[in-house]
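Structure file entry_0.txt; described as compact mmCIF, C-alpha atoms.
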# COMPACT_ATOMS: atom_id res chain seq x y z
CA MET A 164 -17.39 11.47 3.73
CA ASN A 165 -19.74 11.05 6.70
CA ARG A 166 -18.82 10.29 10.31
CA PHE A 167 -20.17 6.75 10.10
CA MET A 168 -17.81 5.83 7.30
CA LEU A 169 -14.86 7.50 9.03
CA ARG A 170 -15.55 5.34 12.09
CA LYS A 171 -15.93 2.29 9.87
CA ILE A 172 -12.51 2.71 8.24
CA GLY A 173 -10.82 3.67 11.50
CA ILE A 174 -8.48 1.39 13.41
CA ASN A 175 -10.86 -1.57 13.66
CA LYS A 176 -9.89 -5.11 14.64
CA LYS A 177 -9.03 -6.18 11.09
CA MET A 178 -6.88 -3.14 10.48
CA ALA A 179 -5.15 -3.47 13.86
CA ALA A 180 -4.39 -7.12 13.12
CA VAL A 181 -2.98 -6.37 9.65
CA ILE A 182 -0.87 -3.50 10.96
CA GLY A 183 0.39 -5.71 13.80
CA ILE A 184 1.39 -8.50 11.41
CA SER A 185 3.14 -6.00 9.13
CA VAL A 186 5.12 -4.53 12.01
CA LEU A 187 6.09 -8.00 13.26
CA LEU A 188 7.39 -9.01 9.81
CA LEU A 189 9.42 -5.81 9.55
CA ILE A 190 10.76 -6.05 13.09
CA SER A 191 11.78 -9.69 12.53
CA GLU A 192 14.07 -8.49 9.73
CA LEU A 193 15.34 -5.70 11.96
CA ILE A 194 16.22 -8.20 14.69
CA TYR A 195 17.33 -11.33 12.86
CA GLY A 196 18.43 -9.89 9.52
CA GLN A 197 20.02 -6.62 10.58
CA GLY A 198 20.84 -7.42 14.22
CA PHE A 199 19.63 -3.95 15.09
CA TRP A 200 19.96 -4.33 18.87
CA THR A 201 23.12 -6.46 18.57
CA TYR A 202 25.45 -4.29 16.51
CA ASP A 203 26.33 -0.63 16.71
CA TYR A 204 24.50 1.27 13.98
CA SER A 205 25.05 4.69 15.51
CA LYS A 206 27.01 5.81 12.43
CA THR A 207 24.53 4.36 9.92
CA ALA A 208 22.04 6.68 8.23
CA THR A 209 18.40 6.09 9.14
CA VAL A 210 17.42 6.11 5.46
CA THR A 211 19.93 3.34 4.73
CA MET A 212 18.67 1.04 7.48
CA LEU A 213 15.05 1.73 6.54
CA SER A 214 15.80 0.79 2.94
CA ASN A 215 17.56 -2.40 4.04
CA VAL A 216 14.62 -3.53 6.16
CA TYR A 217 12.09 -2.99 3.37
CA ALA A 218 14.39 -4.60 0.80
CA LEU A 219 14.98 -7.80 2.76
CA SER A 220 11.91 -8.29 4.96
CA GLN A 221 9.34 -11.03 4.31
CA TYR A 222 6.79 -8.23 4.59
CA VAL A 223 7.36 -7.25 0.96
CA LEU A 224 6.29 -10.76 -0.14
CA PHE A 225 2.78 -10.19 1.26
CA ALA A 226 2.50 -6.40 1.01
CA GLY A 227 -0.01 -6.56 -1.84
CA MET A 228 -2.42 -8.71 0.15
CA PHE A 229 -2.65 -6.61 3.33
CA PRO A 230 -4.15 -3.26 2.19
CA GLY A 231 -7.50 -4.63 1.02
CA ILE A 232 -8.34 -6.66 4.13
CA PRO A 233 -9.83 -4.01 6.45
CA TYR A 234 -12.29 -2.32 4.10
CA ALA A 235 -12.08 -3.11 0.37
CA LEU A 236 -13.87 -6.46 0.67
CA THR A 237 -16.90 -4.85 2.34
CA PHE A 238 -18.28 -4.08 -1.14
CA LEU A 239 -18.64 -7.80 -1.80
CA ASP A 240 -20.00 -8.48 1.69
CA GLU A 241 -22.64 -5.78 1.35
CA SER A 242 -23.59 -6.96 -2.12
CA ARG A 243 -24.00 -10.60 -1.05
CA SER A 244 -25.89 -9.78 2.14
CA GLY A 245 -28.40 -7.51 0.41
CA TYR A 246 -27.30 -4.51 2.45
CA GLN A 247 -26.17 -2.71 -0.69
CA LYS A 248 -29.70 -2.74 -2.13
CA TYR A 249 -30.99 -1.47 1.20
CA ILE A 250 -28.52 1.42 1.39
CA LEU A 251 -29.05 2.36 -2.27
CA GLY A 252 -32.68 2.99 -1.41
CA ARG A 253 -31.49 5.77 0.89
CA MET A 254 -28.64 7.31 -1.07
CA SER A 255 -27.57 7.63 -4.70
CA TYR A 256 -25.41 4.92 -6.21
CA LYS A 257 -22.78 7.59 -7.03
CA ALA A 258 -22.50 8.66 -3.39
CA TYR A 259 -22.28 5.01 -2.32
CA ILE A 260 -19.53 4.00 -4.74
CA PHE A 261 -17.50 7.14 -4.04
CA GLN A 262 -17.70 6.36 -0.31
CA LYS A 263 -16.44 2.85 -1.03
CA ILE A 264 -13.60 4.15 -3.19
CA SER A 265 -12.61 6.77 -0.60
CA GLY A 266 -12.82 4.25 2.24
CA SER A 267 -10.72 1.69 0.40
CA LEU A 268 -8.12 4.28 -0.55
CA ILE A 269 -7.79 5.70 2.97
CA SER A 270 -7.78 2.34 4.77
CA GLY A 271 -5.18 0.94 2.36
CA MET A 272 -2.95 3.96 2.92
CA MET A 273 -3.27 3.53 6.69
CA VAL A 274 -2.40 -0.18 6.52
CA THR A 275 0.94 0.49 4.83
CA GLY A 276 1.62 3.98 6.22
CA ILE A 277 1.31 3.23 9.94
CA PRO A 278 3.83 0.33 9.95
CA TYR A 279 6.25 2.51 8.00
CA ILE A 280 5.98 5.32 10.56
CA ILE A 281 6.46 2.86 13.44
CA MET A 282 9.54 1.33 11.82
CA ALA A 283 11.03 4.74 10.98
CA MET A 284 10.65 5.82 14.61
CA ILE A 285 12.23 2.60 15.93
CA ILE A 286 15.14 2.70 13.47
CA ARG A 287 15.79 6.37 14.20
CA THR A 288 16.56 5.51 17.86
CA GLY A 289 19.69 3.57 16.88
CA THR A 290 20.86 5.33 13.72
CA THR A 291 21.86 8.81 12.71
CA ALA A 292 21.04 11.54 10.22
CA ALA A 293 22.27 11.22 6.65
CA THR A 294 25.64 12.80 5.97
CA VAL A 295 28.11 12.76 3.09
CA ASN A 296 30.22 10.17 4.88
CA ASN A 297 27.51 7.62 5.67
CA THR A 298 25.50 7.70 2.42
CA ASN A 299 27.83 8.45 -0.50
CA GLN A 300 28.82 4.78 -0.90
CA ASP A 301 25.24 3.46 -0.86
CA PRO A 302 24.13 2.81 -4.47
CA GLU A 303 20.49 2.35 -3.42
CA GLN A 304 20.24 6.04 -2.59
CA TRP A 305 21.17 7.34 -6.03
CA MET A 306 17.62 8.29 -7.02
CA TRP A 307 17.37 10.41 -3.87
CA SER A 308 20.88 11.85 -4.09
CA SER A 309 19.75 15.43 -4.75
CA VAL A 310 17.63 15.61 -1.58
CA ILE A 311 19.22 13.07 0.74
CA MET A 312 21.11 15.66 2.78
CA ILE A 313 18.08 17.86 3.40
CA GLY A 314 17.17 17.58 7.06
CA GLY A 315 19.56 14.66 7.49
CA GLY A 316 17.43 12.48 5.23
CA ILE A 317 13.99 13.57 6.44
CA VAL A 318 12.85 14.39 2.88
CA VAL A 319 13.76 10.87 1.74
CA ILE A 320 12.07 9.29 4.77
CA ALA A 321 8.91 11.32 4.19
CA GLY A 322 8.95 10.66 0.45
CA LYS A 323 9.24 6.91 0.96
CA GLY A 324 6.44 7.10 3.51
CA VAL A 325 4.16 8.72 0.94
CA LEU A 326 5.09 6.02 -1.59
CA CYS A 327 4.20 3.31 0.96
CA MET A 328 0.82 4.95 1.46
CA LEU A 329 0.18 5.26 -2.27
CA PHE A 330 1.13 1.59 -2.62
CA GLY A 331 -1.43 0.63 0.04
CA GLY A 332 -4.13 2.77 -1.53
CA MET A 333 -3.50 1.30 -4.96
CA TRP A 334 -3.64 -2.33 -3.82
CA SER A 335 -6.72 -1.70 -1.71
CA LEU A 336 -8.49 -0.31 -4.79
CA LEU A 337 -7.32 -3.31 -6.78
CA THR A 338 -8.82 -5.59 -4.13
CA MET A 339 -12.08 -3.67 -4.33
CA PHE A 340 -12.10 -4.02 -8.12
CA VAL A 341 -11.49 -7.77 -7.85
CA SER A 342 -14.32 -8.07 -5.30
CA MET A 343 -16.64 -6.47 -7.85
CA VAL A 344 -15.66 -9.01 -10.51
CA VAL A 345 -15.81 -12.24 -8.48
CA SER A 346 -18.60 -13.29 -6.14
CA ASN A 347 -16.51 -15.53 -3.88
CA ARG A 348 -15.00 -13.76 -0.87
CA TYR A 349 -12.05 -16.14 -0.62
CA ALA A 350 -11.22 -15.64 -4.30
CA ALA A 351 -11.45 -11.86 -3.82
CA PHE A 352 -9.04 -12.20 -0.91
CA ILE A 353 -6.50 -14.44 -2.67
CA LEU A 354 -6.53 -13.02 -6.20
CA PRO A 355 -4.79 -9.70 -5.32
CA PHE A 356 -1.98 -11.72 -3.73
CA ILE A 357 -1.68 -13.87 -6.87
CA ILE A 358 -1.70 -10.78 -9.09
CA TYR A 359 0.99 -9.26 -6.86
CA GLN A 360 3.22 -12.32 -7.21
CA VAL A 361 2.70 -12.58 -10.97
CA ILE A 362 3.51 -8.90 -11.48
CA TRP A 363 6.64 -9.34 -9.37
CA LEU A 364 7.86 -12.16 -11.62
CA ILE A 365 6.86 -11.11 -15.14
CA PHE A 366 6.33 -7.34 -15.25
CA PRO A 367 8.95 -6.28 -17.83
CA ILE A 368 9.69 -2.69 -16.75
CA ARG A 369 11.05 -2.52 -13.22
CA GLN A 370 10.54 1.25 -12.94
CA LEU A 371 6.79 0.78 -13.54
CA ASN A 372 6.42 -2.32 -11.38
CA PRO A 373 4.34 -1.41 -8.29
CA VAL A 374 6.11 -4.13 -6.30
CA PHE A 375 9.40 -2.24 -6.59
CA LEU A 376 7.82 1.20 -6.39
CA ILE A 377 7.00 0.65 -2.70
CA ARG A 378 10.74 1.12 -2.01
CA SER A 379 11.77 3.18 -5.06
CA ASP A 380 15.49 2.65 -4.51
CA PHE A 381 16.33 3.09 -8.16
CA ASP A 382 19.49 4.53 -9.65
CA GLY A 383 19.85 7.99 -11.12
CA SER A 384 17.98 7.05 -14.30
CA MET A 385 14.73 7.31 -12.32
CA LYS A 386 13.63 10.85 -11.46
CA ILE A 387 12.42 11.51 -7.93
CA GLY A 388 8.89 12.42 -8.97
CA ALA A 389 8.44 9.44 -11.30
CA PRO A 390 7.31 6.82 -8.72
CA PHE A 391 4.71 9.21 -7.30
CA PHE A 392 3.38 9.92 -10.78
CA VAL A 393 3.21 6.22 -11.68
CA PHE A 394 1.29 5.38 -8.51
CA LEU A 395 -1.17 8.21 -9.14
CA VAL A 396 -1.74 6.94 -12.70
CA TYR A 397 -2.45 3.44 -11.37
CA ILE A 398 -4.84 4.80 -8.73
CA ILE A 399 -6.73 6.97 -11.23
CA LEU A 400 -6.95 4.03 -13.65
CA LEU A 401 -8.36 1.74 -10.95
CA ILE A 402 -10.92 4.36 -9.89
CA PHE A 403 -11.98 4.71 -13.52
CA LEU A 404 -12.36 0.92 -13.89
CA ILE A 405 -14.33 0.65 -10.64
CA LEU A 406 -16.73 3.40 -11.68
CA ARG A 407 -17.24 1.89 -15.15
CA LEU A 408 -17.88 -1.57 -13.73
CA TYR A 409 -20.25 -0.29 -11.07
CA ARG A 410 -22.28 1.72 -13.57
CA ARG A 411 -22.61 -1.44 -15.67
CA LYS A 412 -23.79 -3.40 -12.63
CA ILE A 413 -26.36 -0.72 -11.84
CA ARG A 414 -27.56 -0.64 -15.45
CA ASN A 415 -27.84 -4.44 -15.63
CA ALA A 416 -29.31 -4.79 -12.13
CA GLU A 417 -26.50 -7.18 -11.14
CA LEU A 418 -26.26 -6.10 -7.48
Structure rendered as structure tokens:
Amino acid sequence: MNRFMLRKIGINKKMAAVIGISVLLLISELIYGQGFWTYDYSKTATVTMLSNVYALSQYVLFAGMFPGIPYALTFLDESRSGYQKYILGRMSYKAYIFQKISGSLISGMMVTGIPYIIMAMIIRTGTTAATVNNTNQDPEQWMWSSVIMIGGGIVVIAGKGVLCMLFGGMWSLLTMFVSMVVSNRYAAFILPFIIYQVIWLIFPIRQLNPVFLIRSDFDGSMKIGAPFFVFLVYIILLIFLILRLYRRKIRNAEL
């Protein structure tokens, strides 16, 4: 991955705006839903409050739309503008598509990972480490029960952070795939959101539903490693589909 692309997927204006909106949606739940600066949460575990915010915030309604905005749609922009043909005259199509895949994956992970880190840091200021007394009655923590006491909940916080990042990477790749299928930028922007909402409503297996995997507050029937594995399967599948579709476009001169 060259320096130019690293600068391109850095904290640009689009990414900063998306991260800012995400943080505002999460903080609004923290303020108005949880009354974080109104009530005393000094005996509440950080992991519990973090789960509550992600479970109830309006952010989750739009989480599937945000990751693809900063970078994933650039494939469509470069294809429509003719820049893609220009750049393919100077590098192989394999190098180009792998740069696009890597850029989409990294930018999507940043879009969901940075807000999570910010919220975890804010929540930690008014809550406490996980203990037997402040977590044993919380059914949402059952999946994490075997590791919740390690470091006062730091393993759970870190694990959920990784899941948020995998979620962002997956949906950014999905947006990139959609932008390769449709030629309209607005459709490529809206379709991932529609897919997200449809999956939320009709996907039959909750443990495999990426909408719920962003939080992964399942009961003990779900193993700790399962959500990570499911996300990785989705990401690998999307990369495979993107590569197949792009090879077909190259072969048929559809760029």
Exercise. List as a ChimeraX atom specification: which residues have an atom within 7 Å of (7.6, -3.3, 13.3), counting all atoms listed in the file?
Worked result: /A:185-190,278,281-282
For this session: Would you work out the distance separating atom CA of Ala389 of chain A from atom CA of Leu371 of chain A, expressed in Å to one decimal?
Result: 9.1 Å
Exercise. Mind pulling up the distance from atom CA of Thr290 of chain A to atom CA of Thr207 of chain A?
Worked result: 5.4 Å
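You can rank A:Leu236, A:Arg378, A:Lys206, A:Val223 by their closest distance to Tyr349 of chain A using only C-alpha atoms, and at the top of that list sits A:Leu236.
Across A:Leu239, A:Ile413, A:Leu219, A:Ile311, the tightest approach to Ser342 of chain A is made by A:Leu239 when counting all atoms listed in the file.
Take the candidates A:Ile387, A:Ile365, A:Leu376, A:Ile357 and check each one against Trp307 of chain A using all atoms listed in the file; the shortest distance goes to A:Ile387.
A straight line drawn from atom CA of Asp382 of chain A to atom CA of Ala321 of chain A is 18.7 Å long.
Counting all atoms listed in the file and comparing A:Met385, A:Ile194, A:Leu336, A:Leu329, the residue that lies closest to Met306 of chain A is A:Met385.
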Problem set entry | Radius query 10 Å about (-13.7, -1.5, -10.3), atoms used: all atoms listed in the file, as a VMD selection string | chain A and resid 260 264 336 to 344 400 to 410
For this session: Do a neighbour search on Glu192 of chain A at 12 Å with all atoms listed in the file, toss out local chain neighbours closer than 6 positions, and write the hits as a list in words.
Result: Ser185, Val186, Gly198, Phe199, Trp200, Met212, Leu213, Ser214, Asn215, Val216, Tyr217, Ala218, Leu219, Ser220, Gln221, Tyr222, Val223, Met282 and Ile286 of chain A
For this session: With a distance cut-off of 12 Å and all atoms listed in the file, select the neighbouring residues of Val295 of chain A, excluding the residue or stretch itself and same-chain residues fewer than 6 positions from it, and output the selection as a VMD selection string.
Result: chain A and resid 206 to 208 301 304 308 to 313 315 to 316
Problem set entry | Shell of 9 Å around segment 265-276 of chain A, all atoms listed in the file, local chain residues under 5 positions omitted, as an MDAnalysis selection string | chainID A and resid 164 168:169 171:174 178:179 181:182 185 226 229:236 260 281 324:336 338:339 398
Each side padded by 4 Å, which centre and which edge lengths in Å (one decimal) define the axis-aligned box around the listed atoms of segment 260-273 of chain A? Give them as AutoDock Vina command-line options.
--center_x -11.2 --center_y 4.0 --center_z 1.0 --size_x 24.6 --size_y 14.2 --size_z 19.4
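Residue nearest Ser205 of chain A within the list A:Tyr249, A:Met284, A:Ser242, A:Ala292: A:Ala292 [criterion: smallest interatomic distance, all atoms listed in the file].
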Model the absent atoms of segment 242-267 of chain A so that N, CA, C and O atoms are present, and write the result as a PDB file, in the frame of the given file.
ATOM      1  N   SER A 242     -22.854  -6.534  -0.937  1.00  0.00           N
ATOM      2  CA  SER A 242     -23.590  -6.960  -2.120  1.00  0.00           C
ATOM      3  C   SER A 242     -24.238  -8.327  -1.883  1.00  0.00           C
ATOM      4  O   SER A 242     -25.413  -8.536  -2.206  1.00  0.00           O
ATOM      5  N   ARG A 243     -23.485  -9.250  -1.288  1.00  0.00           N
ATOM      6  CA  ARG A 243     -24.000 -10.600  -1.050  1.00  0.00           C
ATOM      7  C   ARG A 243     -25.063 -10.637   0.039  1.00  0.00           C
ATOM      8  O   ARG A 243     -25.969 -11.470  -0.003  1.00  0.00           O
ATOM      9  N   SER A 244     -24.943  -9.765   1.019  1.00  0.00           N
ATOM     10  CA  SER A 244     -25.890  -9.780   2.140  1.00  0.00           C
ATOM     11  C   SER A 244     -27.199  -9.045   1.827  1.00  0.00           C
ATOM     12  O   SER A 244     -28.174  -9.171   2.571  1.00  0.00           O
ATOM     13  N   GLY A 245     -27.228  -8.295   0.737  1.00  0.00           N
ATOM     14  CA  GLY A 245     -28.400  -7.510   0.410  1.00  0.00           C
ATOM     15  C   GLY A 245     -28.389  -6.117   1.004  1.00  0.00           C
ATOM     16  O   GLY A 245     -29.289  -5.305   0.733  1.00  0.00           O
ATOM     17  N   TYR A 246     -27.378  -5.824   1.816  1.00  0.00           N
ATOM     18  CA  TYR A 246     -27.300  -4.510   2.450  1.00  0.00           C
ATOM     19  C   TYR A 246     -27.111  -3.403   1.415  1.00  0.00           C
ATOM     20  O   TYR A 246     -27.602  -2.283   1.589  1.00  0.00           O
ATOM     21  N   GLN A 247     -26.424  -3.723   0.329  1.00  0.00           N
ATOM     22  CA  GLN A 247     -26.170  -2.710  -0.690  1.00  0.00           C
ATOM     23  C   GLN A 247     -27.472  -2.223  -1.317  1.00  0.00           C
ATOM     24  O   GLN A 247     -27.644  -1.019  -1.541  1.00  0.00           O
ATOM     25  N   LYS A 248     -28.399  -3.145  -1.589  1.00  0.00           N
ATOM     26  CA  LYS A 248     -29.700  -2.740  -2.130  1.00  0.00           C
ATOM     27  C   LYS A 248     -30.447  -1.872  -1.120  1.00  0.00           C
ATOM     28  O   LYS A 248     -31.121  -0.907  -1.501  1.00  0.00           O
ATOM     29  N   TYR A 249     -30.314  -2.239   0.146  1.00  0.00           N
ATOM     30  CA  TYR A 249     -30.990  -1.470   1.200  1.00  0.00           C
ATOM     31  C   TYR A 249     -30.441  -0.041   1.267  1.00  0.00           C
ATOM     32  O   TYR A 249     -31.210   0.926   1.298  1.00  0.00           O
ATOM     33  N   ILE A 250     -29.125   0.096   1.249  1.00  0.00           N
ATOM     34  CA  ILE A 250     -28.520   1.420   1.390  1.00  0.00           C
ATOM     35  C   ILE A 250     -28.740   2.263   0.136  1.00  0.00           C
ATOM     36  O   ILE A 250     -28.858   3.492   0.207  1.00  0.00           O
ATOM     37  N   LEU A 251     -28.823   1.614  -1.026  1.00  0.00           N
ATOM     38  CA  LEU A 251     -29.050   2.360  -2.270  1.00  0.00           C
ATOM     39  C   LEU A 251     -30.476   2.916  -2.350  1.00  0.00           C
ATOM     40  O   LEU A 251     -30.749   3.786  -3.175  1.00  0.00           O
ATOM     41  N   GLY A 252     -31.346   2.415  -1.499  1.00  0.00           N
ATOM     42  CA  GLY A 252     -32.680   2.990  -1.410  1.00  0.00           C
ATOM     43  C   GLY A 252     -32.704   4.275  -0.618  1.00  0.00           C
ATOM     44  O   GLY A 252     -33.719   4.983  -0.593  1.00  0.00           O
ATOM     45  N   ARG A 253     -31.574   4.589   0.034  1.00  0.00           N
ATOM     46  CA  ARG A 253     -31.490   5.770   0.890  1.00  0.00           C
ATOM     47  C   ARG A 253     -30.427   6.765   0.454  1.00  0.00           C
ATOM     48  O   ARG A 253     -30.287   7.822   1.048  1.00  0.00           O
ATOM     49  N   MET A 254     -29.636   6.394  -0.537  1.00  0.00           N
ATOM     50  CA  MET A 254     -28.640   7.310  -1.070  1.00  0.00           C
ATOM     51  C   MET A 254     -28.388   6.968  -2.526  1.00  0.00           C
ATOM     52  O   MET A 254     -28.679   5.853  -2.972  1.00  0.00           O
ATOM     53  N   SER A 255     -27.826   7.889  -3.287  1.00  0.00           N
ATOM     54  CA  SER A 255     -27.570   7.630  -4.700  1.00  0.00           C
ATOM     55  C   SER A 255     -26.426   6.634  -4.861  1.00  0.00           C
ATOM     56  O   SER A 255     -25.547   6.526  -4.002  1.00  0.00           O
ATOM     57  N   TYR A 256     -26.461   5.908  -5.974  1.00  0.00           N
ATOM     58  CA  TYR A 256     -25.410   4.920  -6.210  1.00  0.00           C
ATOM     59  C   TYR A 256     -24.049   5.603  -6.379  1.00  0.00           C
ATOM     60  O   TYR A 256     -23.003   5.039  -6.039  1.00  0.00           O
ATOM     61  N   LYS A 257     -24.042   6.861  -6.882  1.00  0.00           N
ATOM     62  CA  LYS A 257     -22.780   7.590  -7.030  1.00  0.00           C
ATOM     63  C   LYS A 257     -22.171   7.912  -5.677  1.00  0.00           C
ATOM     64  O   LYS A 257     -20.966   7.747  -5.479  1.00  0.00           O
ATOM     65  N   ALA A 258     -23.006   8.356  -4.737  1.00  0.00           N
ATOM     66  CA  ALA A 258     -22.500   8.660  -3.390  1.00  0.00           C
ATOM     67  C   ALA A 258     -21.984   7.394  -2.735  1.00  0.00           C
ATOM     68  O   ALA A 258     -20.937   7.404  -2.061  1.00  0.00           O
ATOM     69  N   TYR A 259     -22.691   6.281  -2.929  1.00  0.00           N
ATOM     70  CA  TYR A 259     -22.280   5.010  -2.320  1.00  0.00           C
ATOM     71  C   TYR A 259     -20.924   4.556  -2.852  1.00  0.00           C
ATOM     72  O   TYR A 259     -20.028   4.222  -2.073  1.00  0.00           O
ATOM     73  N   ILE A 260     -20.769   4.525  -4.173  1.00  0.00           N
ATOM     74  CA  ILE A 260     -19.530   4.000  -4.740  1.00  0.00           C
ATOM     75  C   ILE A 260     -18.351   4.919  -4.436  1.00  0.00           C
ATOM     76  O   ILE A 260     -17.227   4.450  -4.200  1.00  0.00           O
ATOM     77  N   PHE A 261     -18.601   6.234  -4.384  1.00  0.00           N
ATOM     78  CA  PHE A 261     -17.500   7.140  -4.040  1.00  0.00           C
ATOM     79  C   PHE A 261     -17.094   6.972  -2.577  1.00  0.00           C
ATOM     80  O   PHE A 261     -15.918   7.124  -2.237  1.00  0.00           O
ATOM     81  N   GLN A 262     -18.049   6.655  -1.707  1.00  0.00           N
ATOM     82  CA  GLN A 262     -17.700   6.360  -0.310  1.00  0.00           C
ATOM     83  C   GLN A 262     -16.853   5.103  -0.231  1.00  0.00           C
ATOM     84  O   GLN A 262     -15.890   5.035   0.538  1.00  0.00           O
ATOM     85  N   LYS A 263     -17.214   4.096  -1.027  1.00  0.00           N
ATOM     86  CA  LYS A 263     -16.440   2.850  -1.030  1.00  0.00           C
ATOM     87  C   LYS A 263     -15.025   3.076  -1.563  1.00  0.00           C
ATOM     88  O   LYS A 263     -14.049   2.545  -1.039  1.00  0.00           O
ATOM     89  N   ILE A 264     -14.923   3.857  -2.617  1.00  0.00           N
ATOM     90  CA  ILE A 264     -13.600   4.150  -3.190  1.00  0.00           C
ATOM     91  C   ILE A 264     -12.760   4.930  -2.180  1.00  0.00           C
ATOM     92  O   ILE A 264     -11.592   4.588  -1.947  1.00  0.00           O
ATOM     93  N   SER A 265     -13.339   5.958  -1.580  1.00  0.00           N
ATOM     94  CA  SER A 265     -12.610   6.770  -0.600  1.00  0.00           C
ATOM     95  C   SER A 265     -12.192   5.930   0.606  1.00  0.00           C
ATOM     96  O   SER A 265     -11.062   6.018   1.088  1.00  0.00           O
ATOM     97  N   GLY A 266     -13.126   5.102   1.084  1.00  0.00           N
ATOM     98  CA  GLY A 266     -12.820   4.250   2.240  1.00  0.00           C
ATOM     99  C   GLY A 266     -11.713   3.266   1.954  1.00  0.00           C
ATOM    100  O   GLY A 266     -10.819   3.055   2.781  1.00  0.00           O
ATOM    101  N   SER A 267     -11.758   2.650   0.776  1.00  0.00           N
ATOM    102  CA  SER A 267     -10.720   1.690   0.400  1.00  0.00           C
ATOM    103  C   SER A 267      -9.362   2.375   0.270  1.00  0.00           C
ATOM    104  O   SER A 267      -8.340   1.848   0.738  1.00  0.00           O
TER     105      SER A 267
END
